[in-house]
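Trainee: I have a structure here, written as structure tokens, and I will follow up with some questions on it.
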Amino acid sequence: MTWWLGAWLGCVDLGSDAGRTAWLTDALVDDNRPWLSRDPTLLGTKYEEMSEDPYDFMRGTTSVFYRDLERAGSDRAPTVFLRRPAAALMLIVGDPHPENVGTLLPDDPVPPDAAPELLLEINDFDAAGFGPYLLDVRRALLGLATLLDGAGCGADCREPILEAEVEGWFDEISAIDAGEPTFSAALVEGGDPVLDLLVRPALAEGRLGLLLDDTTTETAGGRRFRTDHQLDDDGDGILPATARERAQALRLLDRYDAPDGFRVHDIARRYGVGIASLPAVRYVVAWDRGDDGPEDDALLQLREVVDPPALPSLPRWTPTLFDGNDHRSVAAAEILWSRPDADPRLGSVTDGPVTFKVQTWSSYATSQDHDRIADAIRDEEVDESALVGWSAHLGRQLAAVHGRSVTADLAPAAPEIALDLGGRRERFVRERTDEVERDLRRLLADHRRFEDALDALGPLLGADELGP
Amino acid sequence: MMLGWTAAALAADCGPAPLVVAEPLGAGIDGDCAFVDIEAAGRLYREVPTVGVSGGVQLARARTELGLRVRDVQVRMAGTVARSGGEQGYVGIEGESYVPVVQIAEVRYDLPTLGLAVAAGLTDDPWVMTIEPAWAHPETLLPLATDQRYLDRSDTGGFLSWTSPRALVSATVAVTSGEGAARRERNDGVNVTGVVHVRPSGPEPTDVTPEIALFARAGSRGIGAAPDHRAGGAVIVRHPRIVGAAEVVVGWGLESDPSRRPLGVSGWVRTGDEAPFVALGRLDVARDDRSSADAEETLMLLAGGIRLPWSDGPLSAVVGWERRRYGVDARPVAGGASLAASDTGFVQLSARIGRIAPFGSEP
């Protein structure tokens, strides 16, 4: 009788693990409702990618991370920081994990006989918004810890590397506040063994224009994409744009503040890129500046931007500064980059309620690859001291980003952060490194729960009926 | 809600059926009528700490209710507004315009000879609408259960209610989807809510009329059918010039999170319909995790003002102050001292007008 009543009411007696799975499932379904209602196949691909790798799971659960963090209860470790309101509502990246850090090339085109000068920048501001600076540090550390764990680097191995990132961040933000910043975004080949994994192929392939050659071909009618007949087993590929998609891309490009002579050669739709935004619409555009030859040919990417995750703050605190996602996706980058034109093609365009950001698509503009770095660690291409140096550099880079940030009142954020830190370096480092190990344990456990939930509930987590 | 149309109802011998309970056994229902109830409130506010957009203008309330009653059958529809895109999102309609939201779409049949009523559709939550009409100021602050997200204002489903002669006791059982008005059904389970409302002094108004109400809900929420059980009670004391209440709500599961065991206590007092002015005071203490004193949110509200354009007019102008204080574990980021409290001062203009129009022939 009790069982029957319980089943009818739907109130299954959930143990703590099953209870967490129930919460996680619901949080993921809520977060992915826009994709579920529009393109469940692509959402299924996203979930599949997330299930195959904890790092990709981390990338696909930014909203869940923040929702979890905000839940009231005694299972969270309190911080002794965030004493200053202005430091708790400043422009932050939202998700500065290692794969959201990459190279950008401000010079476009690169002057003849000049060496391309790459910058190390945050290259994804999808989660940018107003919130506590602490969350950026926390999220960056979680990304790094997940990468290291996936490379077989256990807690003892991780500790000095994670500490180095926190210390790098702390020391740089203190230096910025003192008016003596040390970080330079300029990248040089041979400067850092781990960053070289990013820089060397970017420069080599960029110089040769490999991406352009690999993805397009020259025809009498102009440059055309080499499109696939269908997506591969991983859901990756470039397909011809449908008439409707092409029309939308052209409407978007009409509104784009394009360089002089801008001519569109071809438009295609690109699939299987990213994790969180994998189901978002991506167009790739082959274009030139009007010359007949191939010298001025280049590529653009247009990618749909949706709302950022809700960053934890007091319920009534309202972010300011941005008019919409079109404004947010450009302004956040221009404020937080080392120079506003780090990607000279950056733009945002809207088509009705839909917003797209426009970016350079080039081998020069590429992201750190967690698989590549993990392989290098496993293969002992990079040793602990190199990883410590790299993570400290990432920490300083994030501090430099925060050094350019603004509070919700549009005042410089760095002095507020420094006042909030109050010189408590050791306390800050210990709090962050303890915290990241807890966050990692929870993430890995959630990843296992997610895999189990996919097995039990199906590829859309049992939310098939909420689809189109 | 009845304030606006009580006089008209008396004149028309017809009015909307009581919310979430049946008409008393033996009550006569005369005539057919249409009714309308419209309310709106705008607020100027200033918030401390002053960070970002910490002051401005808010639409504090916008609600319209329309209904038709033909003998024992009643149909009601009510709508509110919501920001398209939510309060933090940008993907909305025409920017982030206000959009209408259906709150209630209810068909109801009363059998007064048996003291029964049955309703179905998008119906009022039977506990929320036991408390909210007594509190009477949702334009200033929602009652504990909806302010703390313990319960939804309405849900798809229905209820069966019985009320004794002289309305001494009402008992209501509701069966609803459990996902609230804003979510499609996500699991096979249903929520079952039972409410008992006792009015010892019956319909004859005395100086002081006490009421006691109790409720329990067995429920589930979300894809994982997480427990979403609730229980609670309230004591309400009414006087024509002052109304006060104490309420407690406990829960097992919160917002699809089975690990949360919420507890909320609310005490409030407000001026009654015959008072020449408006005054409100309220203290809520709520924990999402009742085992942790540090996971506690404390809310204090004080507000007062005048009724316009006459002493019991439908318009009110109120000045108020609301303070929310969060324990270490209740803050958006645990421990963050700057996230420990917020104070909001406001000036609010609100009006609620209801009218009843009889039509048709006498039964």
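Residue numbering restarts at 1 for every chain of the structure tokens, chains are lettered A, B, ... in their displayed order, and ligands are numbered from 1 as they appear.
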Give me the residues near Tyr98 of chain B as a VMD selection string, where near means some atom within 9 Å (using only C-alpha atoms) and where sequence neighbours in that chain fewer than 2 positions away do not count.
Mentor: chain B and resid 81 to 84 93 96 100
Trainee: Quick one: which chain B residues come within 8 Å of chain A, and what is the nearest atom pair for each with the distance in Å to one decimal, counting only C-alpha atoms, rows ordered by chain and ascending number, as a Markdown table?
Mentor:
```
| residue | atom | partner | partner_atom | distance |
| --- | --- | --- | --- | --- |
| B:Pro49 | CA | A:Pro85 | CA | 6.9 |
| B:Val51 | CA | A:Ala408 | CA | 6.3 |
| B:Gly52 | CA | A:Ala408 | CA | 4.3 |
| B:Val53 | CA | A:Thr318 | CA | 5.5 |
| B:Ser54 | CA | A:Trp317 | CA | 6.8 |
| B:Gln88 | CA | A:Ala310 | CA | 6.9 |
| B:Gly89 | CA | A:Asp307 | CA | 5.5 |
| B:Tyr90 | CA | A:Gly324 | CA | 5.2 |
| B:Val91 | CA | A:Pro353 | CA | 6.4 |
| B:Gly92 | CA | A:Pro353 | CA | 6.8 |
| B:Ile93 | CA | A:Pro353 | CA | 6.9 |
| B:Glu94 | CA | A:Pro353 | CA | 7.6 |
| B:Gly95 | CA | A:Pro353 | CA | 7.8 |
| B:Arg184 | CA | A:Leu466 | CA | 7.6 |
| B:Arg186 | CA | A:Ala463 | CA | 7.5 |
| B:Asn187 | CA | A:Gly10 | CA | 7.1 |
| B:Asp188 | CA | A:Gly10 | CA | 6.1 |
| B:Gly189 | CA | A:Gly10 | CA | 3.6 |
| B:Val190 | CA | A:Leu9 | CA | 4.9 |
| B:Asn191 | CA | A:Leu9 | CA | 6.1 |
| B:Val192 | CA | A:Leu9 | CA | 7.3 |
| B:Ala218 | CA | A:Leu9 | CA | 6.9 |
| B:Gly219 | CA | A:Cys11 | CA | 6.0 |
| B:Ser220 | CA | A:Cys11 | CA | 5.0 |
| B:Gly222 | CA | A:Asp26 | CA | 5.8 |
| B:Ile223 | CA | A:Asp26 | CA | 5.9 |
| B:Gly224 | CA | A:Ala22 | CA | 4.2 |
| B:Ala225 | CA | A:Gly10 | CA | 5.8 |
| B:Ala226 | CA | A:Ala22 | CA | 6.1 |
| B:Pro227 | CA | A:Cys11 | CA | 4.9 |
| B:Asp228 | CA | A:Cys11 | CA | 7.5 |
| B:Ser256 | CA | A:Trp23 | CA | 5.2 |
| B:Asp257 | CA | A:Trp23 | CA | 4.9 |
| B:Pro258 | CA | A:Gly19 | CA | 5.3 |
| B:Ser259 | CA | A:Gly19 | CA | 6.7 |
| B:Arg260 | CA | A:Gly73 | CA | 7.6 |
| B:Arg287 | CA | A:Ala72 | CA | 7.9 |
| B:Asp288 | CA | A:Ala72 | CA | 6.0 |
| B:Asp289 | CA | A:Gly73 | CA | 5.4 |
| B:Ser292 | CA | A:Ser74 | CA | 6.1 |
| B:Asp294 | CA | A:Ser74 | CA | 7.4 |
| B:Ala295 | CA | A:Gly73 | CA | 5.3 |
| B:Val328 | CA | A:Pro78 | CA | 6.8 |
| B:Asp329 | CA | A:Gly73 | CA | 5.4 |
| B:Ala330 | CA | A:Ala72 | CA | 4.4 |
| B:Arg331 | CA | A:Ala72 | CA | 6.8 |
| B:Pro332 | CA | A:Glu70 | CA | 4.7 |
| B:Val333 | CA | A:Glu70 | CA | 6.0 |
| B:Ala334 | CA | A:Pro78 | CA | 4.4 |
| B:Gly335 | CA | A:Pro78 | CA | 4.0 |
| B:Gly336 | CA | A:Leu82 | CA | 4.7 |
| B:Ala337 | CA | A:Arg83 | CA | 4.7 |
| B:Ser338 | CA | A:Arg83 | CA | 4.6 |
| B:Leu339 | CA | A:Leu314 | CA | 6.2 |
| B:Ser342 | CA | A:Leu314 | CA | 7.7 |
```
Trainee: As a PyMOL selection string, please: the residues near Leu302 of chain B (cut-off 6 Å, only C-alpha atoms, same-chain neighbours under 5 positions excluded).
Mentor: chain B and resi 280-281+320-321
Trainee: Write out as number ranges by chain each polymer residue whose atoms come within 8 Å of Val347 of chain B, counting only C-alpha atoms; drop sequence neighbours fewer than 4 positions from it.
Mentor: B: 43-45, 317-320
Trainee: I need the chosen residues saved as a short mmCIF file (atom, residue, chain, number, x, y, z; two decimals), in the first residue's frame, with C-alpha atoms.
Mentor:
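Listing of again17.cif after writing:
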```cif
data_model
loop_
_atom_site.label_atom_id
_atom_site.label_comp_id
_atom_site.auth_asym_id
_atom_site.auth_seq_id
_atom_site.Cartn_x
_atom_site.Cartn_y
_atom_site.Cartn_z
CA ARG B 43 7.24 51.26 -6.77
CA LEU B 44 10.13 53.65 -6.41
CA TYR B 45 12.90 51.93 -4.51
CA ALA B 317 0.17 55.08 -1.11
CA VAL B 318 2.65 53.32 1.12
CA VAL B 319 6.18 53.95 2.33
CA GLY B 320 8.07 50.85 3.38
#
```
Trainee: Once DSSP has gone over the backbone, tell me which residues of segment 219-272 of chain A are in alpha helix (DSSP H), as number ranges by chain.
Mentor: A: 243-254
Trainee: Produce a file of the selected residues containing N, CA, C and O atoms, as a short mmCIF file (atom, residue, chain, number, x, y, z; two decimals), in the first residue's frame.
Mentor:
```cif
data_model
loop_
_atom_site.label_atom_id
_atom_site.label_comp_id
_atom_site.auth_asym_id
_atom_site.auth_seq_id
_atom_site.Cartn_x
_atom_site.Cartn_y
_atom_site.Cartn_z
N ALA A 243 18.74 27.10 -47.73
CA ALA A 243 18.35 28.43 -48.23
C ALA A 243 17.96 29.35 -47.07
O ALA A 243 18.30 30.54 -47.05
N ARG A 244 17.28 28.77 -46.09
CA ARG A 244 16.84 29.57 -44.95
C ARG A 244 18.04 30.01 -44.11
O ARG A 244 18.10 31.16 -43.63
N GLU A 245 18.98 29.09 -43.92
CA GLU A 245 20.17 29.43 -43.14
C GLU A 245 21.01 30.49 -43.86
O GLU A 245 21.52 31.42 -43.25
N ARG A 246 21.13 30.31 -45.16
CA ARG A 246 21.92 31.27 -45.94
C ARG A 246 21.28 32.66 -45.87
O ARG A 246 21.98 33.68 -45.69
N ALA A 247 19.96 32.68 -45.94
CA ALA A 247 19.26 33.97 -45.87
C ALA A 247 19.50 34.63 -44.52
O ALA A 247 19.73 35.84 -44.43
N GLN A 248 19.48 33.83 -43.46
CA GLN A 248 19.73 34.40 -42.13
C GLN A 248 21.17 34.92 -42.03
O GLN A 248 21.40 36.03 -41.53
N ALA A 249 22.10 34.12 -42.52
CA ALA A 249 23.51 34.55 -42.45
C ALA A 249 23.71 35.85 -43.23
O ALA A 249 24.44 36.75 -42.78
N LEU A 250 23.06 35.97 -44.37
CA LEU A 250 23.21 37.20 -45.16
C LEU A 250 22.58 38.39 -44.45
O LEU A 250 23.12 39.50 -44.48
N ARG A 251 21.43 38.15 -43.79
CA ARG A 251 20.82 39.24 -43.01
C ARG A 251 21.78 39.69 -41.91
O ARG A 251 21.94 40.88 -41.65
N LEU A 252 22.40 38.71 -41.26
CA LEU A 252 23.34 39.04 -40.19
C LEU A 252 24.54 39.82 -40.73
O LEU A 252 24.96 40.82 -40.14
N LEU A 253 25.06 39.36 -41.84
CA LEU A 253 26.25 40.02 -42.40
C LEU A 253 25.93 41.42 -42.90
O LEU A 253 26.80 42.30 -42.89
N ASP A 254 24.69 41.63 -43.31
CA ASP A 254 24.26 42.97 -43.71
C ASP A 254 24.42 43.95 -42.57
O ASP A 254 24.63 45.15 -42.77
#
```
